[in-house]
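What follows is entry.cif (mmCIF, C-alpha atoms, pLDDT in the B column; chains and numbers go by the auth columns).
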data_protein
loop_
_atom_site.group_PDB
_atom_site.id
_atom_site.type_symbol
_atom_site.label_atom_id
_atom_site.label_comp_id
_atom_site.label_asym_id
_atom_site.label_seq_id
_atom_site.Cartn_x
_atom_site.Cartn_y
_atom_site.Cartn_z
_atom_site.B_iso_or_equiv
_atom_site.auth_seq_id
_atom_site.auth_asym_id
ATOM 1 C CA MET A 1 10.404 -25.633 -1.187 41.00 166 N
ATOM 2 C CA ARG A 2 10.458 -25.250 2.539 45.00 167 N
ATOM 3 C CA PHE A 3 8.573 -27.481 4.960 46.00 168 N
ATOM 4 C CA GLY A 4 6.215 -25.183 6.789 46.00 169 N
ATOM 5 C CA MET A 5 6.682 -22.523 9.431 51.00 170 N
ATOM 6 C CA LEU A 6 8.362 -24.696 12.003 53.00 171 N
ATOM 7 C CA SER A 7 11.430 -25.389 9.948 54.00 172 N
ATOM 8 C CA LYS A 8 11.582 -21.945 8.358 73.00 173 N
ATOM 9 C CA SER A 9 14.144 -19.793 10.054 86.00 174 N
ATOM 10 C CA LEU A 10 13.879 -16.037 10.101 93.00 175 N
ATOM 11 C CA PHE A 11 17.519 -15.413 9.259 95.00 176 N
ATOM 12 C CA GLU A 12 19.248 -16.846 6.232 95.00 177 N
ATOM 13 C CA GLY A 13 22.791 -17.120 7.476 93.00 178 N
ATOM 14 C CA LYS A 14 23.501 -13.659 8.793 96.00 179 N
ATOM 15 C CA LYS A 15 20.950 -11.996 6.587 97.00 180 N
ATOM 16 C CA LEU A 16 17.350 -11.052 6.950 97.00 181 N
ATOM 17 C CA TYR A 17 15.458 -10.532 3.716 97.00 182 N
ATOM 18 C CA GLY A 18 12.272 -8.625 3.156 96.00 183 N
ATOM 19 C CA ASN A 19 10.299 -6.015 1.341 97.00 184 N
ATOM 20 C CA LEU A 20 9.795 -2.776 3.290 97.00 185 N
ATOM 21 C CA GLY A 21 6.473 -2.862 5.075 97.00 186 N
ATOM 22 C CA ASP A 22 5.992 -6.622 4.672 97.00 187 N
ATOM 23 C CA TYR A 23 6.920 -9.146 7.352 96.00 188 N
ATOM 24 C CA PRO A 24 9.656 -9.373 8.569 96.00 189 N
ATOM 25 C CA PHE A 25 10.400 -5.829 7.375 98.00 190 N
ATOM 26 C CA THR A 26 7.492 -4.219 9.209 97.00 191 N
ATOM 27 C CA ALA A 27 8.252 -1.658 11.896 97.00 192 N
ATOM 28 C CA GLU A 28 6.753 -3.979 14.512 96.00 193 N
ATOM 29 C CA SER A 29 8.794 -7.070 13.674 97.00 194 N
ATOM 30 C CA LEU A 30 12.045 -5.136 13.191 98.00 195 N
ATOM 31 C CA PHE A 31 11.389 -3.476 16.532 98.00 196 N
ATOM 32 C CA ARG A 32 11.081 -6.892 18.159 97.00 197 N
ATOM 33 C CA ILE A 33 14.248 -8.134 16.468 97.00 198 N
ATOM 34 C CA GLY A 34 16.160 -5.075 17.718 98.00 199 N
ATOM 35 C CA LEU A 35 14.819 -5.628 21.210 98.00 200 N
ATOM 36 C CA ALA A 36 15.719 -9.344 21.155 97.00 201 N
ATOM 37 C CA LEU A 37 19.210 -8.541 19.838 98.00 202 N
ATOM 38 C CA CYS A 38 19.781 -6.128 22.707 98.00 203 N
ATOM 39 C CA ALA A 39 18.442 -8.622 25.265 96.00 204 N
ATOM 40 C CA TYR A 40 20.705 -11.325 23.852 97.00 205 N
ATOM 41 C CA LEU A 41 23.803 -9.128 24.131 97.00 206 N
ATOM 42 C CA ALA A 42 22.829 -8.221 27.700 96.00 207 N
ATOM 43 C CA ILE A 43 22.425 -11.926 28.552 94.00 208 N
ATOM 44 C CA LYS A 44 25.886 -12.525 27.062 94.00 209 N
ATOM 45 C CA GLY A 45 27.219 -10.004 29.546 94.00 210 N
ATOM 46 C CA GLU A 46 27.466 -6.740 27.678 93.00 211 N
ATOM 47 C CA GLU A 47 26.744 -4.000 30.146 90.00 212 N
ATOM 48 C CA LYS A 48 25.739 -1.402 27.578 92.00 213 N
ATOM 49 C CA PRO A 49 25.152 -3.125 24.248 96.00 214 N
ATOM 50 C CA THR A 50 25.931 -0.944 21.245 97.00 215 N
ATOM 51 C CA LEU A 51 24.745 -1.456 17.702 98.00 216 N
ATOM 52 C CA GLY A 52 26.166 0.173 14.589 98.00 217 N
ATOM 53 C CA VAL A 53 23.962 0.879 11.580 97.00 218 N
ATOM 54 C CA ASN A 54 25.276 1.913 8.170 96.00 219 N
ATOM 55 C CA VAL A 55 22.408 4.255 7.407 96.00 220 N
ATOM 56 C CA LEU A 56 19.260 5.627 9.025 97.00 221 N
ATOM 57 C CA ASP A 57 16.149 4.583 7.179 97.00 222 N
ATOM 58 C CA PHE A 58 12.830 2.918 7.933 98.00 223 N
ATOM 59 C CA ALA A 59 14.349 -0.540 8.399 98.00 224 N
ATOM 60 C CA THR A 60 17.357 0.400 10.518 98.00 225 N
ATOM 61 C CA MET A 61 15.380 2.935 12.565 98.00 226 N
ATOM 62 C CA SER A 62 12.711 0.363 13.389 98.00 227 N
ATOM 63 C CA LEU A 63 15.435 -2.010 14.538 98.00 228 N
ATOM 64 C CA ALA A 64 17.254 0.798 16.383 98.00 229 N
ATOM 65 C CA VAL A 65 14.152 1.814 18.316 98.00 230 N
ATOM 66 C CA GLY A 66 13.750 -1.769 19.551 98.00 231 N
ATOM 67 C CA PHE A 67 17.419 -1.933 20.498 98.00 232 N
ATOM 68 C CA MET A 68 17.123 1.352 22.406 98.00 233 N
ATOM 69 C CA ALA A 69 13.928 0.171 24.114 98.00 234 N
ATOM 70 C CA GLY A 70 16.057 -2.673 25.468 98.00 235 N
ATOM 71 C CA GLY A 71 18.596 -0.179 26.803 98.00 236 N
ATOM 72 C CA GLY A 72 21.234 -0.378 24.072 97.00 237 N
ATOM 73 C CA ASP A 73 22.857 2.549 22.307 97.00 238 N
ATOM 74 C CA VAL A 74 22.887 2.875 18.542 98.00 239 N
ATOM 75 C CA VAL A 75 25.649 4.523 16.534 97.00 240 N
ATOM 76 C CA VAL A 76 25.512 5.495 12.900 95.00 241 N
ATOM 77 C CA GLY A 77 28.764 3.980 11.710 92.00 242 N
ATOM 78 C CA GLU A 78 30.614 0.856 12.683 88.00 243 N
ATOM 79 C CA GLY A 79 30.077 -0.966 15.943 86.00 244 N
ATOM 80 C CA ASN A 80 31.303 -4.278 17.329 88.00 245 N
ATOM 81 C CA ILE A 81 27.964 -5.453 16.111 97.00 246 N
ATOM 82 C CA SER A 82 26.528 -3.764 13.079 98.00 247 N
ATOM 83 C CA VAL A 83 23.502 -4.012 10.897 98.00 248 N
ATOM 84 C CA ILE A 84 24.035 -3.093 7.270 98.00 249 N
ATOM 85 C CA HIS A 85 20.981 -2.321 5.201 98.00 250 N
ATOM 86 C CA ARG A 86 21.623 -3.195 1.561 97.00 251 N
ATOM 87 C CA GLU A 87 18.503 -1.805 -0.004 93.00 252 N
ATOM 88 C CA GLU A 88 19.250 -3.085 -3.497 94.00 253 N
ATOM 89 C CA GLU A 89 19.389 -6.591 -2.029 96.00 254 N
ATOM 90 C CA ASN A 90 16.375 -6.114 0.281 96.00 255 N
ATOM 91 C CA ALA A 91 18.637 -7.406 3.018 98.00 256 N
ATOM 92 C CA LEU A 92 19.741 -6.528 6.509 98.00 257 N
ATOM 93 C CA ILE A 93 23.145 -8.042 7.210 98.00 258 N
ATOM 94 C CA PHE A 94 24.135 -8.731 10.805 98.00 259 N
ATOM 95 C CA GLU A 95 27.885 -8.299 11.270 97.00 260 N
ATOM 96 C CA GLY A 96 29.896 -9.241 14.340 97.00 261 N
ATOM 97 C CA LEU A 97 27.588 -12.126 15.188 96.00 262 N
ATOM 98 C CA GLU A 98 27.848 -15.822 14.385 96.00 263 N
ATOM 99 C CA GLU A 99 24.988 -17.749 12.852 94.00 264 N
ATOM 100 C CA ILE A 100 24.525 -19.506 16.183 95.00 265 N
ATOM 101 C CA ASP A 101 23.981 -16.117 17.829 96.00 266 N
ATOM 102 C CA LEU A 102 21.233 -15.327 15.348 96.00 267 N
ATOM 103 C CA LYS A 103 19.621 -18.694 16.034 95.00 268 N
ATOM 104 C CA LYS A 104 19.612 -17.845 19.731 95.00 269 N
ATOM 105 C CA ILE A 105 18.126 -14.414 19.037 96.00 270 N
ATOM 106 C CA GLU A 106 15.465 -16.119 16.980 95.00 271 N
ATOM 107 C CA SER A 107 14.663 -18.435 19.853 94.00 272 N
ATOM 108 C CA ILE A 108 14.268 -15.425 22.168 94.00 273 N
ATOM 109 C CA LEU A 109 11.939 -13.874 19.600 93.00 274 N
ATOM 110 C CA PHE A 110 9.696 -16.881 19.280 91.00 275 N
ATOM 111 C CA SER A 111 9.722 -17.905 22.908 90.00 276 N
ATOM 112 C CA ARG A 112 7.245 -16.667 25.452 84.00 277 N
ATOM 113 C CA TYR A 113 10.055 -14.810 27.172 85.00 278 N
ATOM 114 C CA ASN A 114 8.846 -11.305 27.922 89.00 279 N
ATOM 115 C CA ILE A 115 11.824 -9.231 26.862 93.00 280 N
ATOM 116 C CA PRO A 116 12.448 -6.499 29.431 93.00 281 N
ATOM 117 C CA LYS A 117 12.241 -2.882 28.304 97.00 282 N
ATOM 118 C CA LYS A 118 13.961 0.073 29.887 97.00 283 N
ATOM 119 C CA ARG A 119 12.478 3.313 31.171 98.00 284 N
ATOM 120 C CA GLY A 120 13.634 6.882 31.553 97.00 285 N
ATOM 121 C CA LYS A 121 17.367 7.456 31.408 96.00 286 N
ATOM 122 C CA GLU A 122 17.979 3.726 30.868 97.00 287 N
ATOM 123 C CA VAL A 123 16.471 3.860 27.397 98.00 288 N
ATOM 124 C CA GLY A 124 19.253 3.794 24.797 98.00 289 N
ATOM 125 C CA ARG A 125 20.527 6.763 22.826 97.00 290 N
ATOM 126 C CA LEU A 126 21.440 7.397 19.227 97.00 291 N
ATOM 127 C CA TRP A 127 24.906 8.647 18.364 96.00 292 N
ATOM 128 C CA ILE A 128 25.570 10.031 14.936 91.00 293 N
ATOM 129 C CA GLN A 129 29.270 9.969 14.196 69.00 294 N
ATOM 130 C CA GLU A 130 31.363 10.412 11.099 52.00 295 N
ATOM 131 C CA LYS A 131 31.552 7.198 9.153 46.00 296 N
ATOM 132 C CA LYS A 132 34.918 5.570 9.202 42.00 297 N
ATOM 133 C CA PRO A 133 36.444 5.270 5.706 44.00 298 N
ATOM 134 C CA MET B 1 -8.467 15.835 39.160 41.00 28 S
ATOM 135 C CA ARG B 2 -9.601 14.452 35.851 45.00 29 S
ATOM 136 C CA PHE B 3 -12.768 12.467 35.317 46.00 30 S
ATOM 137 C CA GLY B 4 -11.609 9.093 34.086 46.00 31 S
ATOM 138 C CA MET B 5 -10.211 7.873 30.802 51.00 32 S
ATOM 139 C CA LEU B 6 -13.040 9.087 28.598 53.00 33 S
ATOM 140 C CA SER B 7 -12.484 12.743 29.297 54.00 34 S
ATOM 141 C CA LYS B 8 -8.716 12.509 29.491 72.00 35 S
ATOM 142 C CA SER B 9 -7.162 13.688 26.284 86.00 36 S
ATOM 143 C CA LEU B 10 -3.808 12.438 25.115 93.00 37 S
ATOM 144 C CA PHE B 11 -2.481 15.846 24.141 95.00 38 S
ATOM 145 C CA GLU B 12 -2.342 18.798 26.476 94.00 39 S
ATOM 146 C CA GLY B 13 -2.744 21.654 24.040 93.00 40 S
ATOM 147 C CA LYS B 14 -0.055 20.942 21.491 96.00 41 S
ATOM 148 C CA LYS B 15 2.084 18.941 23.866 97.00 42 S
ATOM 149 C CA LEU B 16 2.386 15.311 24.704 97.00 43 S
ATOM 150 C CA TYR B 17 3.974 14.551 28.049 97.00 44 S
ATOM 151 C CA GLY B 18 5.575 11.366 29.186 96.00 45 S
ATOM 152 C CA ASN B 19 8.471 9.491 30.662 97.00 46 S
ATOM 153 C CA LEU B 20 10.549 7.542 28.129 97.00 47 S
ATOM 154 C CA GLY B 21 9.374 3.955 28.002 97.00 48 S
ATOM 155 C CA ASP B 22 6.079 4.630 29.806 97.00 49 S
ATOM 156 C CA TYR B 23 2.797 5.234 28.007 96.00 50 S
ATOM 157 C CA PRO B 24 2.390 7.369 25.916 96.00 51 S
ATOM 158 C CA PHE B 25 6.177 7.513 25.442 98.00 52 S
ATOM 159 C CA THR B 26 6.565 3.858 24.537 97.00 53 S
ATOM 160 C CA ALA B 27 7.873 2.978 21.084 97.00 54 S
ATOM 161 C CA GLU B 28 4.528 1.356 20.259 96.00 55 S
ATOM 162 C CA SER B 29 2.298 4.285 21.169 97.00 56 S
ATOM 163 C CA LEU B 30 4.601 6.882 19.599 98.00 57 S
ATOM 164 C CA PHE B 31 4.672 4.729 16.478 98.00 58 S
ATOM 165 C CA ARG B 32 0.875 4.804 16.378 97.00 59 S
ATOM 166 C CA ILE B 33 0.789 8.570 16.929 97.00 60 S
ATOM 167 C CA GLY B 34 3.255 9.085 14.053 98.00 61 S
ATOM 168 C CA LEU B 35 1.178 6.841 11.833 98.00 62 S
ATOM 169 C CA ALA B 36 -2.067 8.642 12.750 97.00 63 S
ATOM 170 C CA LEU B 37 -0.422 12.029 12.171 98.00 64 S
ATOM 171 C CA CYS B 38 0.654 10.956 8.690 98.00 65 S
ATOM 172 C CA ALA B 39 -2.800 9.546 7.902 96.00 66 S
ATOM 173 C CA TYR B 40 -4.426 12.766 9.088 97.00 67 S
ATOM 174 C CA LEU B 41 -2.211 14.909 6.833 97.00 68 S
ATOM 175 C CA ALA B 42 -2.964 12.603 3.899 96.00 69 S
ATOM 176 C CA ILE B 43 -6.703 12.917 4.580 94.00 70 S
ATOM 177 C CA LYS B 44 -6.257 16.707 4.639 94.00 71 S
ATOM 178 C CA GLY B 45 -4.873 16.426 1.121 94.00 72 S
ATOM 179 C CA GLU B 46 -1.100 16.421 1.516 93.00 73 S
ATOM 180 C CA GLU B 47 0.273 14.226 -1.198 90.00 74 S
ATOM 181 C CA LYS B 48 3.580 13.505 0.527 92.00 75 S
ATOM 182 C CA PRO B 49 3.333 14.530 4.166 96.00 76 S
ATOM 183 C CA THR B 50 6.615 15.671 5.672 97.00 77 S
ATOM 184 C CA LEU B 51 7.483 15.907 9.336 98.00 78 S
ATOM 185 C CA GLY B 52 10.391 17.811 10.848 98.00 79 S
ATOM 186 C CA VAL B 53 12.015 16.643 14.074 97.00 80 S
ATOM 187 C CA ASN B 54 14.505 18.696 16.079 96.00 81 S
ATOM 188 C CA VAL B 55 16.621 15.743 17.112 96.00 82 S
ATOM 189 C CA LEU B 56 16.847 11.991 16.573 97.00 83 S
ATOM 190 C CA ASP B 57 16.317 10.075 19.764 97.00 84 S
ATOM 191 C CA PHE B 58 14.138 7.248 21.039 98.00 85 S
ATOM 192 C CA ALA B 59 10.982 9.368 21.179 98.00 86 S
ATOM 193 C CA THR B 60 11.288 11.131 17.837 98.00 87 S
ATOM 194 C CA MET B 61 12.540 8.004 16.066 98.00 88 S
ATOM 195 C CA SER B 62 9.568 5.989 17.317 98.00 89 S
ATOM 196 C CA LEU B 63 7.246 8.690 16.012 98.00 90 S
ATOM 197 C CA ALA B 64 9.235 8.989 12.767 98.00 91 S
ATOM 198 C CA VAL B 65 9.028 5.264 12.053 98.00 92 S
ATOM 199 C CA GLY B 66 5.235 5.421 12.375 98.00 93 S
ATOM 200 C CA PHE B 67 5.097 8.468 10.125 98.00 94 S
ATOM 201 C CA MET B 68 7.270 6.709 7.533 98.00 95 S
ATOM 202 C CA ALA B 69 5.131 3.559 7.766 98.00 96 S
ATOM 203 C CA GLY B 70 2.240 5.773 6.700 98.00 97 S
ATOM 204 C CA GLY B 71 4.238 6.964 3.705 98.00 98 S
ATOM 205 C CA GLY B 72 5.456 10.334 5.001 97.00 99 S
ATOM 206 C CA ASP B 73 9.004 11.625 4.863 97.00 100 S
ATOM 207 C CA VAL B 74 10.859 12.818 7.936 98.00 101 S
ATOM 208 C CA VAL B 75 13.483 15.554 7.957 97.00 102 S
ATOM 209 C CA VAL B 76 15.846 16.388 10.771 95.00 103 S
ATOM 210 C CA GLY B 77 15.316 20.134 10.949 92.00 104 S
ATOM 211 C CA GLU B 78 12.283 22.298 10.412 88.00 105 S
ATOM 212 C CA GLY B 79 9.243 21.196 8.469 86.00 106 S
ATOM 213 C CA ASN B 80 5.806 22.703 7.897 88.00 107 S
ATOM 214 C CA ILE B 81 4.873 20.413 10.703 97.00 108 S
ATOM 215 C CA SER B 82 7.488 19.676 13.310 98.00 109 S
ATOM 216 C CA VAL B 83 7.833 17.718 16.475 98.00 110 S
ATOM 217 C CA ILE B 84 10.192 19.186 19.021 98.00 111 S
ATOM 218 C CA HIS B 85 11.420 16.905 21.784 98.00 112 S
ATOM 219 C CA ARG B 86 12.182 18.924 24.888 97.00 113 S
ATOM 220 C CA GLU B 87 13.745 16.266 27.032 93.00 114 S
ATOM 221 C CA GLU B 88 14.106 18.454 30.119 94.00 115 S
ATOM 222 C CA GLU B 89 10.337 19.006 30.000 96.00 116 S
ATOM 223 C CA ASN B 90 9.493 15.371 29.125 96.00 117 S
ATOM 224 C CA ALA B 91 7.442 16.846 26.290 98.00 118 S
ATOM 225 C CA LEU B 92 6.937 16.438 22.581 98.00 119 S
ATOM 226 C CA ILE B 93 5.642 19.689 21.097 98.00 120 S
ATOM 227 C CA PHE B 94 3.657 19.570 17.875 98.00 121 S
ATOM 228 C CA GLU B 95 4.262 22.698 15.796 97.00 122 S
ATOM 229 C CA GLY B 96 2.368 23.739 12.679 97.00 123 S
ATOM 230 C CA LEU B 97 -0.842 22.104 13.875 96.00 124 S
ATOM 231 C CA GLU B 98 -3.822 23.584 15.686 96.00 125 S
ATOM 232 C CA GLU B 99 -5.254 22.008 18.812 94.00 126 S
ATOM 233 C CA ILE B 100 -8.281 20.939 16.752 95.00 127 S
ATOM 234 C CA ASP B 101 -5.931 19.000 14.453 96.00 128 S
ATOM 235 C CA LEU B 102 -4.502 17.136 17.413 96.00 129 S
ATOM 236 C CA LYS B 103 -8.010 16.326 18.622 95.00 130 S
ATOM 237 C CA LYS B 104 -8.767 14.866 15.209 95.00 131 S
ATOM 238 C CA ILE B 105 -5.535 12.859 15.244 96.00 132 S
ATOM 239 C CA GLU B 106 -6.521 11.580 18.664 95.00 133 S
ATOM 240 C CA SER B 107 -9.889 10.504 17.317 94.00 134 S
ATOM 241 C CA ILE B 108 -8.153 8.590 14.511 94.00 135 S
ATOM 242 C CA LEU B 109 -5.952 6.928 17.129 93.00 136 S
ATOM 243 C CA PHE B 110 -8.786 5.785 19.317 91.00 137 S
ATOM 244 C CA SER B 111 -11.212 4.870 16.567 89.00 138 S
ATOM 245 C CA ARG B 112 -11.410 1.441 15.017 84.00 139 S
ATOM 246 C CA TYR B 113 -10.131 2.920 11.774 85.00 140 S
ATOM 247 C CA ASN B 114 -7.384 0.664 10.476 89.00 141 S
ATOM 248 C CA ILE B 115 -4.739 3.181 9.458 93.00 142 S
ATOM 249 C CA PRO B 116 -3.260 2.175 6.101 93.00 143 S
ATOM 250 C CA LYS B 117 0.465 1.408 5.934 97.00 144 S
ATOM 251 C CA LYS B 118 2.669 1.681 2.891 97.00 145 S
ATOM 252 C CA ARG B 119 4.931 -0.931 1.339 98.00 146 S
ATOM 253 C CA GLY B 120 8.128 -0.963 -0.671 97.00 147 S
ATOM 254 C CA LYS B 121 9.122 2.327 -2.258 96.00 148 S
ATOM 255 C CA GLU B 122 6.039 4.038 -0.817 97.00 149 S
ATOM 256 C CA VAL B 123 7.421 3.789 2.715 98.00 150 S
ATOM 257 C CA GLY B 124 8.724 7.187 3.806 98.00 151 S
ATOM 258 C CA ARG B 125 12.357 8.240 3.957 97.00 152 S
ATOM 259 C CA LEU B 126 14.519 10.108 6.425 97.00 153 S
ATOM 260 C CA TRP B 127 16.379 13.206 5.327 96.00 154 S
ATOM 261 C CA ILE B 128 19.135 14.585 7.493 91.00 155 S
ATOM 262 C CA GLN B 129 19.785 18.196 6.598 69.00 156 S
ATOM 263 C CA GLU B 130 21.668 21.031 8.202 52.00 157 S
ATOM 264 C CA LYS B 131 19.565 22.707 10.822 46.00 158 S
ATOM 265 C CA LYS B 132 18.451 26.190 9.933 42.00 159 S
ATOM 266 C CA PRO B 133 19.771 28.801 12.368 44.00 160 S
#

As structure tokens, the full file:
Amino acid sequence: MRFGMLSKSLFEGKKLYGNLGDYPFTAESLFRIGLALCAYLAIKGEEKPTLGVNVLDFATMSLAVGFMAGGGDVVVGEGNISVIHREEENALIFEGLEEIDLKKIESILFSRYNIPKKRGKEVGRLWIQEKKP
Amino acid sequence: MRFGMLSKSLFEGKKLYGNLGDYPFTAESLFRIGLALCAYLAIKGEEKPTLGVNVLDFATMSLAVGFMAGGGDVVVGEGNISVIHREEENALIFEGLEEIDLKKIESILFSRYNIPKKRGKEVGRLWIQEKKP
């Protein structure tokens, strides 16, 4: 058994578990995670962060919209950083990041830091490409 | 000139205008519009509301995620009800609905009605199909 909210971390390793529509797999919280992920990559120096997703569904689209709100582009397929939705596992798997990165993203999420959002042409775009074999 | 917020309607005819990232073209407000649209179609008796979108981008994905949260499916292509994003016009065009429908959706949006959201397998899905010519 875990010891209360303060010691509970959102990510388990590089995975985020949830049931669609329940926290943290609500549109709102996935949106915020996508936004925080984009902000983190921008802080690390990526000029135009790009996120790959393996599939487009409720979970990955919610995350993608947050990422795009932060100015990042999303590709369907592989990226340097990818999120894989394994529906049968109820898991989103974050690839291309270390666990320490996810801890830092979590601290952005739960801080009072007001994550900047982009406007107009600076909002990110979605690219649908053939999946690599 | 318009007479204040109370008489200002969100939709202009069947169109919603905005600049990406600014109200009403923020992820959050488009999410709520998609959710209200789905709820409205369910109230009208559609068992599994379906929404067509002409393209997948920040605006339509934000709307789609809200629609899916309400339990509706989204197809890329034409649906009985479609949302067309005309980026050059900064407009989302709602097709297959009358202006009176949009007024009712607006009243759902601005009422205190807590729009129900689905969970698990009842959350909507995205279908990417070939566009009809």

For this session: Step by step, work through what the PyMOL selection byres ((chain N) within 8 of (chain S)) selects in the shown file, and finish by giving those residues as a list in words.
Result: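 The output of the PyMOL selection byres ((chain N) within 8 of (chain S)) on this file is Asn184, Leu185, Gly186, Asp187, Ala192, Leu221, Asp222, Phe223, Met226, Ser227, Val230, Gly231, Met233, Ala234, Lys282, Lys283, Arg284, Gly285, Lys286, Val288, Gly289, Arg290 and Leu291 of chain N.
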
Keeping only C-alpha atoms, write the selected residues to a file as a PDB file, in the coordinates of the input.
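Okay, out-v4.pdb is ready:
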ATOM      1  CA  ASN N 184      10.299  -6.015   1.341  1.00 97.00           C
ATOM      2  CA  LEU N 185       9.795  -2.776   3.290  1.00 97.00           C
ATOM      3  CA  GLY N 186       6.473  -2.862   5.075  1.00 97.00           C
ATOM      4  CA  ASP N 187       5.992  -6.622   4.672  1.00 97.00           C
ATOM      5  CA  ALA N 192       8.252  -1.658  11.896  1.00 97.00           C
ATOM      6  CA  LEU N 221      19.260   5.627   9.025  1.00 97.00           C
ATOM      7  CA  ASP N 222      16.149   4.583   7.179  1.00 97.00           C
ATOM      8  CA  PHE N 223      12.830   2.918   7.933  1.00 98.00           C
ATOM      9  CA  MET N 226      15.380   2.935  12.565  1.00 98.00           C
ATOM     10  CA  SER N 227      12.711   0.363  13.389  1.00 98.00           C
ATOM     11  CA  VAL N 230      14.152   1.814  18.316  1.00 98.00           C
ATOM     12  CA  GLY N 231      13.750  -1.769  19.551  1.00 98.00           C
ATOM     13  CA  MET N 233      17.123   1.352  22.406  1.00 98.00           C
ATOM     14  CA  ALA N 234      13.928   0.171  24.114  1.00 98.00           C
ATOM     15  CA  LYS N 282      12.241  -2.882  28.304  1.00 97.00           C
ATOM     16  CA  LYS N 283      13.961   0.073  29.887  1.00 97.00           C
ATOM     17  CA  ARG N 284      12.478   3.313  31.171  1.00 98.00           C
ATOM     18  CA  GLY N 285      13.634   6.882  31.553  1.00 97.00           C
ATOM     19  CA  LYS N 286      17.367   7.456  31.408  1.00 96.00           C
ATOM     20  CA  VAL N 288      16.471   3.860  27.397  1.00 98.00           C
ATOM     21  CA  GLY N 289      19.253   3.794  24.797  1.00 98.00           C
ATOM     22  CA  ARG N 290      20.527   6.763  22.826  1.00 97.00           C
ATOM     23  CA  LEU N 291      21.440   7.397  19.227  1.00 97.00           C
TER      24      LEU N 291
END

For this session: Evaluate the PyMOL selection byres ((chain S and resi 81) around 10) here and jot the selected residues down as a PyMOL selection string.
Result: chain S and resi 79-80+82-84+87+102-106+109-113+158

Exercise. Which is closer to Ala69 of chain S than all the others in S:Tyr50, S:Arg139, S:Ile132, S:Lys41, using all atoms listed in the file?
Worked result: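 Once distances to Ala69 of chain S are computed over all atoms listed in the file, the minimum belongs to S:Ile132.
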
Exercise. Can you find the residues with an atom no farther than 12 Å from (22.8, -8.5, 24.5), counting only C-alpha atoms, and report them as JSON, numbers by chain?
Worked result: {"N": [198, 199, 200, 201, 202, 203, 204, 205, 206, 207, 208, 209, 210, 211, 212, 213, 214, 215, 216, 232, 233, 235, 236, 237, 238, 245, 246, 262, 266, 267, 269, 270, 273, 280, 281]}

Keeping only C-alpha atoms, write those residues as a PDB file, in the frame of the given file.
ATOM      1  CA  ILE N 198      14.248  -8.134  16.468  1.00 97.00           C
ATOM      2  CA  GLY N 199      16.160  -5.075  17.718  1.00 98.00           C
ATOM      3  CA  LEU N 200      14.819  -5.628  21.210  1.00 98.00           C
ATOM      4  CA  ALA N 201      15.719  -9.344  21.155  1.00 97.00           C
ATOM      5  CA  LEU N 202      19.210  -8.541  19.838  1.00 98.00           C
ATOM      6  CA  CYS N 203      19.781  -6.128  22.707  1.00 98.00           C
ATOM      7  CA  ALA N 204      18.442  -8.622  25.265  1.00 96.00           C
ATOM      8  CA  TYR N 205      20.705 -11.325  23.852  1.00 97.00           C
ATOM      9  CA  LEU N 206      23.803  -9.128  24.131  1.00 97.00           C
ATOM     10  CA  ALA N 207      22.829  -8.221  27.700  1.00 96.00           C
ATOM     11  CA  ILE N 208      22.425 -11.926  28.552  1.00 94.00           C
ATOM     12  CA  LYS N 209      25.886 -12.525  27.062  1.00 94.00           C
ATOM     13  CA  GLY N 210      27.219 -10.004  29.546  1.00 94.00           C
ATOM     14  CA  GLU N 211      27.466  -6.740  27.678  1.00 93.00           C
ATOM     15  CA  GLU N 212      26.744  -4.000  30.146  1.00 90.00           C
ATOM     16  CA  LYS N 213      25.739  -1.402  27.578  1.00 92.00           C
ATOM     17  CA  PRO N 214      25.152  -3.125  24.248  1.00 96.00           C
ATOM     18  CA  THR N 215      25.931  -0.944  21.245  1.00 97.00           C
ATOM     19  CA  LEU N 216      24.745  -1.456  17.702  1.00 98.00           C
ATOM     20  CA  PHE N 232      17.419  -1.933  20.498  1.00 98.00           C
ATOM     21  CA  MET N 233      17.123   1.352  22.406  1.00 98.00           C
ATOM     22  CA  GLY N 235      16.057  -2.673  25.468  1.00 98.00           C
ATOM     23  CA  GLY N 236      18.596  -0.179  26.803  1.00 98.00           C
ATOM     24  CA  GLY N 237      21.234  -0.378  24.072  1.00 97.00           C
ATOM     25  CA  ASP N 238      22.857   2.549  22.307  1.00 97.00           C
ATOM     26  CA  ASN N 245      31.303  -4.278  17.329  1.00 88.00           C
ATOM     27  CA  ILE N 246      27.964  -5.453  16.111  1.00 97.00           C
ATOM     28  CA  LEU N 262      27.588 -12.126  15.188  1.00 96.00           C
ATOM     29  CA  ASP N 266      23.981 -16.117  17.829  1.00 96.00           C
ATOM     30  CA  LEU N 267      21.233 -15.327  15.348  1.00 96.00           C
ATOM     31  CA  LYS N 269      19.612 -17.845  19.731  1.00 95.00           C
ATOM     32  CA  ILE N 270      18.126 -14.414  19.037  1.00 96.00           C
ATOM     33  CA  ILE N 273      14.268 -15.425  22.168  1.00 94.00           C
ATOM     34  CA  ILE N 280      11.824  -9.231  26.862  1.00 93.00           C
ATOM     35  CA  PRO N 281      12.448  -6.499  29.431  1.00 93.00           C
TER      36      PRO N 281
END

For this session: In Å, rounded to a single decimal, give me how far atom CA of Lys130 of chain S is from atom CA of Phe38 of chain S.
Result: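 One can read the atom CA of Phe38 of chain S to atom CA of Lys130 of chain S distance as 7.8 Å.
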
For this session: Would you work out the distance separating atom CA of Leu175 of chain N from atom CA of Glu254 of chain N, expressed in Å to one decimal?
Result: 16.3 Å

Exercise. Hey, can you check how far atom CA of Leu274 of chain N sits from atom CA of Ser194 of chain N?
Worked result: 9.6 Å

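Minimum distance to Leu257 of chain N across N:Asn279, N:Leu228, N:Leu181, N:Leu195 (counting all atoms listed in the file) occurs at N:Leu181.
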
With all atoms of segment 268-280 of chain N from the file as input, state the centre and edge lengths in Å to one decimal of the axis-aligned box that has 6 Å extra on each side, as lines of an AutoDock Vina configuration file.
center_x = 13.4
center_y = -14.0
center_z = 22.0
size_x = 24.4
size_y = 21.5
size_z = 23.9
